[in-house]
>>> print(open('protein31.txt').read())   # compact mmCIF, C-alpha atoms
# COMPACT_ATOMS: atom_id res chain seq x y z
CA MET A 4 -28.91 -35.19 -6.45
CA TRP A 5 -25.84 -33.10 -5.75
CA THR A 6 -22.57 -34.88 -5.06
CA ASP A 7 -20.79 -34.22 -1.76
CA VAL A 8 -17.49 -32.38 -2.07
CA GLN A 9 -14.74 -32.69 0.52
CA VAL A 10 -12.92 -29.37 0.87
CA THR A 11 -11.92 -27.09 3.67
CA GLN A 12 -13.96 -23.94 4.11
CA ARG A 13 -12.44 -20.46 4.15
CA SER A 14 -15.61 -18.44 4.44
CA HIS A 15 -13.91 -15.10 5.02
CA VAL A 16 -12.70 -14.63 1.47
CA VAL A 17 -15.93 -14.11 -0.43
CA LEU A 18 -17.43 -10.73 -1.20
CA GLY A 19 -20.14 -9.66 -3.59
CA ARG A 20 -20.84 -11.95 -6.52
CA PRO A 21 -20.84 -15.72 -5.86
CA LEU A 22 -17.62 -17.31 -6.97
CA ALA A 23 -16.43 -20.82 -7.42
CA LEU A 24 -13.71 -23.36 -7.41
CA CYS A 25 -15.65 -26.22 -8.94
CA GLN A 26 -14.61 -29.82 -8.52
CA GLY A 27 -14.36 -30.75 -12.17
CA HIS A 28 -15.43 -34.34 -12.76
CA ARG A 29 -17.43 -34.86 -9.56
CA LEU A 30 -19.96 -32.06 -9.87
CA PRO A 31 -23.09 -32.28 -12.02
CA THR A 32 -22.87 -30.35 -15.27
CA LYS A 33 -25.66 -27.94 -14.44
CA PRO A 34 -24.31 -24.58 -15.75
CA ALA A 35 -25.77 -22.44 -12.99
CA LEU A 36 -23.93 -24.42 -10.34
CA HIS A 37 -20.66 -24.52 -12.27
CA SER A 38 -20.49 -20.77 -12.64
CA ASN A 39 -22.03 -19.71 -9.33
CA CYS A 40 -21.13 -22.03 -6.50
CA HIS A 41 -18.96 -21.93 -3.43
CA LEU A 42 -17.35 -25.14 -2.23
CA ARG A 43 -18.08 -25.75 1.39
CA GLU A 44 -17.22 -28.61 3.65
CA GLN A 45 -19.15 -31.77 2.73
CA ASN A 46 -21.81 -30.15 0.53
CA VAL A 47 -22.17 -27.76 -2.37
CA GLN A 48 -24.10 -24.84 -0.95
CA PRO A 49 -25.38 -21.54 -2.37
CA CYS A 50 -22.94 -18.72 -1.72
CA GLY A 51 -25.36 -15.84 -1.04
CA CYS A 52 -25.56 -16.47 2.70
CA VAL A 53 -21.77 -16.72 3.04
CA CYS A 54 -21.32 -13.50 1.08
CA ARG A 55 -23.71 -11.64 3.36
CA ILE A 56 -21.92 -12.95 6.44
CA VAL A 57 -18.53 -11.82 5.10
CA ARG A 58 -19.77 -8.37 4.15
CA GLU A 59 -21.37 -7.92 7.54
CA ARG A 60 -18.23 -9.08 9.35
CA LEU A 61 -15.97 -6.67 7.49
CA LYS A 62 -18.49 -3.89 7.92
CA LYS A 63 -18.60 -4.50 11.68
CA GLU A 64 -14.80 -4.44 11.88
CA VAL A 65 -14.70 -1.06 10.15
CA GLU A 66 -17.51 0.29 12.34
CA LYS A 67 -15.75 -0.92 15.48
CA MET A 68 -12.54 0.87 14.56
CA ALA A 69 -14.45 4.01 13.60
CA SER A 70 -16.22 4.02 16.97
CA GLN A 71 -12.86 3.98 18.77
CA PHE A 72 -11.68 7.09 16.93
CA SER A 73 -14.44 9.37 15.76
CA GLY A 74 -14.19 10.17 12.07
CA PHE A 75 -11.33 7.71 11.50
CA ARG A 76 -12.39 5.77 8.39
CA PRO A 77 -10.45 3.77 5.78
CA GLY A 78 -9.80 5.84 2.67
CA LEU A 79 -9.14 4.30 -0.74
CA VAL A 80 -8.46 6.08 -4.05
CA VAL A 81 -8.66 4.49 -7.50
CA LEU A 82 -6.79 6.53 -10.11
CA GLN A 83 -7.75 6.00 -13.75
CA VAL A 84 -6.36 7.49 -16.94
CA GLY A 85 -8.75 7.43 -19.90
CA ASP A 86 -12.15 5.81 -20.20
CA ARG A 87 -11.74 2.15 -21.18
CA ASP A 88 -14.92 0.12 -20.81
CA ASP A 89 -13.17 -2.83 -19.15
CA SER A 90 -11.42 -0.54 -16.66
CA ASN A 91 -14.72 1.18 -15.87
CA LEU A 92 -16.27 -2.22 -15.10
CA TYR A 93 -13.39 -3.27 -12.83
CA ILE A 94 -13.44 0.05 -10.99
CA SER A 95 -17.20 0.00 -10.43
CA THR A 96 -16.86 -3.49 -8.93
CA LYS A 97 -14.14 -2.31 -6.55
CA LEU A 98 -16.06 0.80 -5.53
CA LYS A 99 -19.22 -1.21 -4.87
CA ALA A 100 -17.37 -3.76 -2.73
CA ALA A 101 -15.65 -0.97 -0.80
CA ALA A 102 -18.93 0.84 -0.12
CA GLU A 103 -20.55 -2.36 1.16
CA VAL A 104 -17.98 -2.78 3.92
CA GLY A 105 -17.70 0.88 4.90
CA ILE A 106 -14.55 1.92 3.06
CA GLU A 107 -14.59 5.49 1.80
CA ALA A 108 -13.53 4.97 -1.81
CA LYS A 109 -12.92 7.78 -4.29
CA HIS A 110 -12.54 7.47 -8.05
CA ILE A 111 -10.22 9.94 -9.80
CA ARG A 112 -10.53 9.81 -13.59
CA LEU A 113 -8.01 11.74 -15.67
CA PRO A 114 -8.64 12.38 -19.40
CA ASN A 115 -6.78 10.42 -22.07
CA THR A 116 -4.83 13.57 -22.90
CA THR A 117 -3.13 13.43 -19.50
CA THR A 118 0.67 13.58 -19.52
CA GLN A 119 2.98 11.53 -17.33
CA ASP A 120 3.82 14.56 -15.19
CA GLU A 121 0.14 15.18 -14.52
CA VAL A 122 -0.36 11.55 -13.47
CA LEU A 123 2.64 11.76 -11.15
CA HIS A 124 1.33 15.00 -9.66
CA SER A 125 -1.99 13.28 -8.85
CA ILE A 126 -0.17 10.35 -7.26
CA MET A 127 2.00 12.64 -5.13
CA SER A 128 -1.13 14.45 -3.90
CA VAL A 129 -2.67 11.16 -2.80
CA ASN A 130 0.60 9.99 -1.22
CA GLU A 131 0.65 13.12 0.94
CA ASN A 132 -3.03 12.91 1.90
CA ALA A 133 -3.22 11.45 5.42
CA CYS A 134 -6.91 10.63 4.94
CA VAL A 135 -6.10 8.17 2.15
CA HIS A 136 -4.69 4.82 3.24
CA GLY A 137 -4.60 3.01 -0.09
CA LEU A 138 -4.05 3.94 -3.74
CA ILE A 139 -4.81 1.82 -6.80
CA VAL A 140 -3.57 2.91 -10.23
CA GLN A 141 -5.91 1.23 -12.69
CA LEU A 142 -3.99 -0.39 -15.54
CA PRO A 143 -3.60 -0.05 -18.45
CA LEU A 144 -3.08 3.71 -18.57
CA ASP A 145 -5.23 4.81 -21.50
CA SER A 146 -3.48 7.98 -22.61
CA ALA A 147 -2.67 9.45 -26.00
CA ASN A 148 0.67 10.48 -24.53
CA CYS A 149 3.60 8.20 -23.77
CA ILE A 150 3.51 7.14 -20.12
CA ASP A 151 5.98 4.80 -18.43
CA THR A 152 3.70 2.44 -16.49
CA GLU A 153 6.45 1.11 -14.25
CA PHE A 154 7.62 4.62 -13.39
CA VAL A 155 4.05 5.53 -12.46
CA THR A 156 3.41 2.46 -10.29
CA ASN A 157 6.72 3.00 -8.49
CA ALA A 158 5.65 6.54 -7.67
CA VAL A 159 2.92 5.16 -5.41
CA SER A 160 3.96 5.13 -1.76
CA SER A 161 4.86 1.57 -0.76
CA GLN A 162 2.73 2.12 2.37
CA LYS A 163 -0.34 2.81 0.20
CA ASP A 164 0.38 0.42 -2.66
CA VAL A 165 -2.45 -2.04 -1.90
CA ASP A 166 -2.07 -3.58 -5.38
CA GLY A 167 1.54 -4.51 -4.52
CA LEU A 168 2.92 -3.33 -7.88
CA SER A 169 5.74 -1.03 -6.74
CA CYS A 170 9.31 -2.30 -6.93
CA ILE A 171 9.59 -2.16 -3.13
CA ASN A 172 6.65 -4.48 -2.54
CA ALA A 173 7.60 -6.67 -5.50
CA GLY A 174 11.16 -6.94 -4.17
CA LYS A 175 10.00 -7.93 -0.69
CA LEU A 176 7.71 -10.57 -2.19
CA SER A 177 10.49 -11.99 -4.37
CA ARG A 178 12.77 -12.50 -1.35
CA GLY A 179 10.02 -14.02 0.78
CA ASP A 180 9.10 -11.13 3.09
CA LEU A 181 5.41 -12.00 2.77
CA ASN A 182 4.46 -10.41 6.09
CA ASP A 183 6.10 -7.09 5.25
CA CYS A 184 4.59 -6.23 1.87
CA PHE A 185 1.42 -5.82 -0.10
CA ILE A 186 0.79 -8.86 -2.31
CA PRO A 187 -0.87 -8.33 -5.73
CA CYS A 188 -4.53 -9.19 -5.39
CA THR A 189 -4.93 -11.65 -8.29
CA PRO A 190 -2.09 -13.99 -7.18
CA ASN A 191 -3.34 -13.63 -3.60
CA ALA A 192 -6.82 -14.63 -4.80
CA CYS A 193 -5.36 -17.66 -6.60
CA MET A 194 -3.62 -18.79 -3.42
CA GLU A 195 -6.86 -18.45 -1.47
CA LEU A 196 -8.75 -20.48 -4.07
CA ILE A 197 -6.10 -23.19 -3.83
CA ARG A 198 -6.45 -23.20 -0.04
CA GLN A 199 -10.21 -23.68 -0.39
CA THR A 200 -9.64 -27.04 -2.04
CA GLY A 201 -7.78 -28.36 0.99
CA VAL A 202 -4.81 -29.22 -1.22
CA PHE A 203 -1.48 -28.48 0.49
CA VAL A 204 0.86 -26.43 -1.69
CA ALA A 205 4.03 -27.60 0.08
CA GLY A 206 5.81 -30.31 -1.89
CA LYS A 207 3.57 -30.00 -4.94
CA HIS A 208 4.78 -29.32 -8.48
CA ALA A 209 3.22 -26.05 -9.60
CA VAL A 210 3.26 -24.66 -13.14
CA VAL A 211 2.56 -20.99 -13.86
CA ILE A 212 1.85 -20.00 -17.47
CA GLY A 213 2.63 -16.31 -17.98
CA ARG A 214 5.25 -14.02 -16.46
CA SER A 215 3.50 -10.67 -16.19
CA LYS A 216 4.34 -8.41 -13.26
CA ILE A 217 0.69 -8.42 -12.19
CA VAL A 218 -0.04 -12.17 -12.23
CA GLY A 219 2.65 -14.58 -13.43
CA ALA A 220 5.79 -13.34 -11.66
CA PRO A 221 4.21 -12.73 -8.21
CA MET A 222 2.28 -16.00 -8.54
CA HIS A 223 5.60 -17.82 -9.00
CA ASP A 224 7.01 -16.15 -5.90
CA LEU A 225 3.95 -16.93 -3.75
CA LEU A 226 3.98 -20.60 -4.70
CA LEU A 227 7.74 -20.82 -4.18
CA TRP A 228 7.63 -19.30 -0.69
CA ASN A 229 4.77 -21.63 0.16
CA HIS A 230 7.21 -24.47 -0.57
CA ALA A 231 6.02 -25.65 -3.98
CA THR A 232 8.43 -26.62 -6.75
CA VAL A 233 7.58 -24.04 -9.38
CA THR A 234 8.01 -23.98 -13.15
CA THR A 235 7.20 -20.78 -15.05
CA CYS A 236 6.23 -21.16 -18.70
CA HIS A 237 5.87 -18.41 -21.31
CA SER A 238 5.75 -17.77 -25.06
CA LYS A 239 9.24 -19.24 -25.57
CA THR A 240 8.57 -22.49 -23.71
CA PRO A 241 8.91 -25.24 -26.37
CA ASP A 242 7.26 -28.15 -24.54
CA LEU A 243 4.23 -26.49 -22.94
CA PRO A 244 1.90 -29.55 -23.01
CA GLU A 245 4.59 -31.66 -21.33
CA GLN A 246 5.13 -29.04 -18.60
CA VAL A 247 1.38 -28.70 -17.98
CA GLY A 248 1.07 -32.48 -17.71
CA ARG A 249 3.43 -32.49 -14.71
CA ALA A 250 1.52 -29.87 -12.74
CA ASP A 251 -0.27 -30.75 -9.53
CA ILE A 252 -1.25 -27.07 -9.42
CA LEU A 253 -1.69 -25.12 -12.65
CA VAL A 254 -2.16 -21.34 -12.75
CA VAL A 255 -2.75 -19.80 -16.17
CA GLY A 256 -2.51 -16.09 -16.97
CA ALA A 257 -1.27 -15.97 -20.56
CA GLY A 258 -4.00 -13.88 -22.19
CA ARG A 259 -4.78 -16.39 -24.97
CA ALA A 260 -8.27 -17.80 -25.26
CA GLU A 261 -8.54 -21.51 -24.33
CA MET A 262 -4.89 -22.18 -25.13
CA VAL A 263 -4.55 -24.91 -22.49
CA ARG A 264 -6.31 -28.02 -23.69
CA GLY A 265 -7.97 -30.52 -21.41
CA GLU A 266 -5.81 -33.44 -22.56
CA TRP A 267 -2.70 -31.59 -21.33
CA VAL A 268 -3.96 -31.44 -17.73
CA LYS A 269 -2.79 -33.95 -15.16
CA GLU A 270 -5.57 -36.08 -13.69
CA GLY A 271 -6.76 -34.53 -10.40
CA ALA A 272 -4.81 -31.28 -10.78
CA VAL A 273 -5.93 -27.95 -9.33
CA VAL A 274 -6.45 -25.55 -12.25
CA ILE A 275 -6.70 -21.80 -11.65
CA ASP A 276 -7.68 -19.82 -14.76
CA CYS A 277 -6.88 -16.09 -14.58
CA GLY A 278 -7.67 -15.38 -18.22
CA ILE A 279 -10.44 -13.12 -19.51
CA ASN A 280 -10.91 -13.29 -23.29
CA HIS A 281 -13.74 -12.51 -25.68
CA VAL A 282 -14.50 -14.94 -28.49
CA PRO A 283 -17.19 -14.75 -31.21
CA ASP A 284 -20.49 -16.44 -30.36
CA GLU A 285 -23.47 -15.92 -32.66
CA THR A 286 -25.84 -17.40 -30.08
CA ARG A 287 -25.26 -14.46 -27.72
CA PRO A 288 -27.00 -11.10 -28.15
CA SER A 289 -23.63 -9.35 -27.95
CA GLY A 290 -22.16 -11.68 -30.57
CA LYS A 291 -19.38 -12.78 -28.19
CA ARG A 292 -18.76 -14.59 -24.91
CA VAL A 293 -16.12 -14.56 -22.22
CA VAL A 294 -13.74 -17.50 -21.88
CA GLY A 295 -10.57 -18.14 -19.95
CA ASP A 296 -7.11 -19.29 -20.99
CA VAL A 297 -8.09 -22.91 -20.27
CA HIS A 298 -10.49 -24.94 -22.42
CA TYR A 299 -12.96 -25.41 -19.59
CA SER A 300 -15.20 -28.20 -20.91
CA SER A 301 -12.33 -30.58 -21.64
CA ALA A 302 -10.10 -29.59 -18.71
CA SER A 303 -12.94 -30.03 -16.20
CA GLN A 304 -13.09 -33.72 -17.15
CA ARG A 305 -9.56 -34.27 -15.84
CA ALA A 306 -8.98 -31.56 -13.24
CA GLY A 307 -9.67 -32.24 -9.58
CA TYR A 308 -10.66 -28.58 -9.11
CA ILE A 309 -11.02 -25.85 -11.70
CA THR A 310 -12.14 -22.21 -11.65
CA PRO A 311 -14.77 -21.11 -14.17
CA VAL A 312 -14.55 -17.95 -16.27
CA PRO A 313 -16.33 -15.74 -15.51
CA GLY A 314 -17.09 -16.12 -11.82
CA GLY A 315 -13.87 -17.57 -10.43
CA VAL A 316 -10.66 -15.60 -9.99
CA GLY A 317 -12.19 -12.20 -10.85
CA PRO A 318 -14.64 -11.86 -7.94
CA MET A 319 -12.09 -13.39 -5.56
CA THR A 320 -9.55 -10.75 -6.60
CA VAL A 321 -11.90 -7.97 -5.48
CA ALA A 322 -12.57 -9.87 -2.25
CA MET A 323 -8.86 -10.15 -1.49
CA LEU A 324 -8.34 -6.47 -2.25
CA MET A 325 -10.90 -5.58 0.42
CA GLU A 326 -9.42 -8.08 2.89
CA VAL A 327 -5.86 -6.82 2.42
CA PHE A 328 -6.91 -3.20 2.66
CA ILE A 329 -8.94 -3.71 5.83
CA LEU A 330 -6.12 -5.76 7.38
CA PHE A 331 -3.65 -2.95 6.65
CA TYR A 332 -6.10 -0.39 8.01
CA PHE A 333 -6.56 -2.49 11.16
CA ILE A 334 -2.77 -2.61 11.69
CA LEU A 335 -2.62 1.14 11.16
CA PHE A 336 -5.45 1.54 13.64
CA ILE A 337 -3.48 -0.47 16.25
CA TYR A 338 -0.38 1.66 15.66
CA VAL A 339 -2.37 4.86 16.11
CA PHE A 340 -3.97 3.49 19.28
CA ILE A 341 -0.56 2.55 20.74
CA PHE A 342 0.88 5.94 19.79
CA VAL A 343 -2.00 7.79 21.47
CA LEU A 344 -1.68 5.59 24.55
CA LEU A 345 2.09 6.11 24.81
CA PHE A 346 1.72 9.83 24.24
CA SER A 347 -0.88 10.03 27.04
CA LEU A 348 1.35 8.06 29.41
CA ILE A 349 4.36 10.24 28.62
CA ARG A 350 2.36 13.38 29.27
CA PHE A 351 1.00 11.94 32.51
CA TYR A 352 4.39 10.86 33.88
CA SER A 353 6.01 14.05 32.62
CA PHE A 354 3.43 16.10 34.51
CA THR A 355 3.87 13.94 37.63
CA PHE A 356 7.67 14.27 37.47
CA GLU A 357 7.46 18.05 37.08
CA HIS A 358 4.99 18.18 39.96
CA TYR A 359 7.39 16.32 42.30
CA ILE A 360 10.33 18.50 41.24
CA LEU A 361 8.27 21.59 41.99
CA LEU A 362 7.32 20.24 45.43
CA PHE A 363 10.95 19.41 46.12
CA PHE A 364 12.11 22.98 45.45
CA ILE A 365 9.23 24.45 47.45
CA LYS A 366 10.08 22.23 50.42
CA PHE A 367 13.78 23.16 50.50
CA LYS A 368 13.41 26.82 49.59
>>> encode(input="protein31.txt", output="structure tokens")
Amino acid sequence: MWTDVQVTQRSHVVLGRPLALCQGHRLPTKPALHSNCHLREQNVQPCGCVCRIVRERLKKEVEKMASQFSGFRPGLVVLQVGDRDDSNLYISTKLKAAAEVGIEAKHIRLPNTTTQDEVLHSIMSVNENACVHGLIVQLPLDSANCIDTEFVTNAVSSQKDVDGLSCINAGKLSRGDLNDCFIPCTPNACMELIRQTGVFVAGKHAVVIGRSKIVGAPMHDLLLWNHATVTTCHSKTPDLPEQVGRADILVVGAGRAEMVRGEWVKEGAVVIDCGINHVPDETRPSGKRVVGDVHYSSASQRAGYITPVPGGVGPMTVAMLMEVFILFYFILFIYVFIFVLLFSLIRFYSFTFEHYILLFFIKFK
């Protein structure tokens, strides 16, 4: 018999593959449920129905906007350099999710002999293309030539930087302008997963392990501006177990397989594992398996809520990318509608004014 789980439902954040924030010590240990469940209010329910509802809702929103302006459709470009297998997998997931909700997504793959100037030229072309509303530069840049990643990401127009990696969006996030910037999708996904638990971030002690520009640093900023007391740990932190033991909310993105041990985790903590690592496993046909940065089996015995790997943060990241992009597109749609309306009114009143002036001169001629 499944155990009831008390969480608040946020059904709009799930797309595609079922994902989970599993309540560690209260759920049964059946593997299928641990890796493929969605916590809903009062009961653990299969996620397939919720996923279909979300996809249909987003699809209807896009169709509604397209019906208002014929041919007006969200355009997304994913720019890749090289041919890394992991990047190909991530991109295919994004393209599939985009197609399901009616986003016109295009994949531009440049060879691994591409120079920095050639990458910048491609970015400038997309920036100037009015039919493209969002641009993702897939990292890492797999090129035989030296390319400055930060220089490349900053070349993306801040108005199309849906990944939130440019210095403009990062700067706005760091100073708390959350409503005036794109937020990186993985930290945004982590925040949404935390909200699903019903745990209030305000007043909690949060610990972030890792300080990357993609996960750790923006995660710190998001938690801080949601009123948590935040500690960031990294490779030079001497007392990592002690810091982890204080965390009501723990977000890990260090890139080291199962580095956080279960005995470090505070009883009842919310644990968000952003890690994706491959470790040897002779029982698998591939000879390896995917694990996170948290030792799941031991941490799940102490954590109140914990994300599995795979099936937790990864799918939610793609979901949040689609949500953010469609929200931006909707705002753009509203701006275009207002502009067209104002332009029509100006033309109407301008014509009326000219008409009265003409009548005035005719009358007194």
>>> closest_residue(input="protein31.txt", among="A:Ala158, A:Ile212, A:Ile111, A:Leu253", to="Gly271 of chain A", atoms="all atoms listed in the file")
A:Leu253
>>> closest_atom_pairs(input="protein31.txt", of="segment 124-238 of chain A", to="segment 292-313 of chain A", cutoff="9 Å", atoms="all atoms listed in the file", output="tab-separated table")
residue	atom	partner	partner_atom	distance
A:Leu196	CA	A:Thr310	CA	8.5
A:Ile197	CA	A:Tyr308	CA	8.8
A:Thr200	CA	A:Tyr308	CA	7.3
>>> atom_distance(input="protein31.txt", atom1="atom CA of Glu107 of chain A", atom2="atom CA of Gln71 of chain A")
17.1 Å
>>> closest_residue(input="protein31.txt", among="A:Val210, A:Asn191, A:Ala133, A:Gly78", to="Lys109 of chain A", atoms="all atoms listed in the file")
A:Gly78
>>> residues_around(input="protein31.txt", residues="Arg249 of chain A", least_positions_apart="2", cutoff="9 Å", atoms="only C-alpha atoms", output="ChimeraX atom specification")
/A:208-210,244-247,251-252,268-269
>>> residues_around(input="protein31.txt", residues="Val282 of chain A", least_positions_apart="2", cutoff="12 Å", atoms="all atoms listed in the file", output="list of chain:residue names")
A:Arg259, A:Ala260, A:Glu261, A:Ile279, A:Asn280, A:Asp284, A:Glu285, A:Thr286, A:Arg287, A:Ser289, A:Gly290, A:Lys291, A:Arg292, A:Val293, A:Val294, A:Gly295, A:Asp296
>>> atom_distance(input="protein31.txt", atom1="atom CA of Glu59 of chain A", atom2="atom CA of Val135 of chain A")
22.8 Å
>>> residues_around(input="protein31.txt", residues="Gly167 of chain A", least_positions_apart="5", cutoff="12 Å", atoms="only C-alpha atoms", output="PyMOL selection string")
chain A and resi 137-140+156-157+159-162+172-177+181+183-191+216-218+221+324+327-328
>>> closest_residue(input="protein31.txt", among="A:Val165, A:Leu243, A:Ala102, A:Ala147", to="Val65 of chain A", atoms="only C-alpha atoms")
A:Ala102
>>> closest_residue(input="protein31.txt", among="A:Val104, A:Ala250, A:Val316, A:Val255", to="Thr234 of chain A", atoms="all atoms listed in the file")
A:Ala250
>>> atom_distance(input="protein31.txt", atom1="atom CA of Asn229 of chain A", atom2="atom CA of Val204 of chain A")
6.5 Å
>>> residues_around(input="protein31.txt", residues="Leu123 of chain A", least_positions_apart="2", cutoff="12 Å", atoms="all atoms listed in the file", output="list in words")
Leu82, Val84, Leu113, Thr117, Thr118, Gln119, Asp120, Glu121, Ser125, Ile126, Met127, Ser128, Val129, Asn130, Val140, Ile150, Asp151, Thr152, Glu153, Phe154, Val155, Thr156, Asn157, Ala158, Val159 and Ser160 of chain A
>>> closest_residue(input="protein31.txt", among="A:His136, A:Arg198, A:Arg178, A:Lys99", to="Asp224 of chain A", atoms="all atoms listed in the file")
A:Arg178
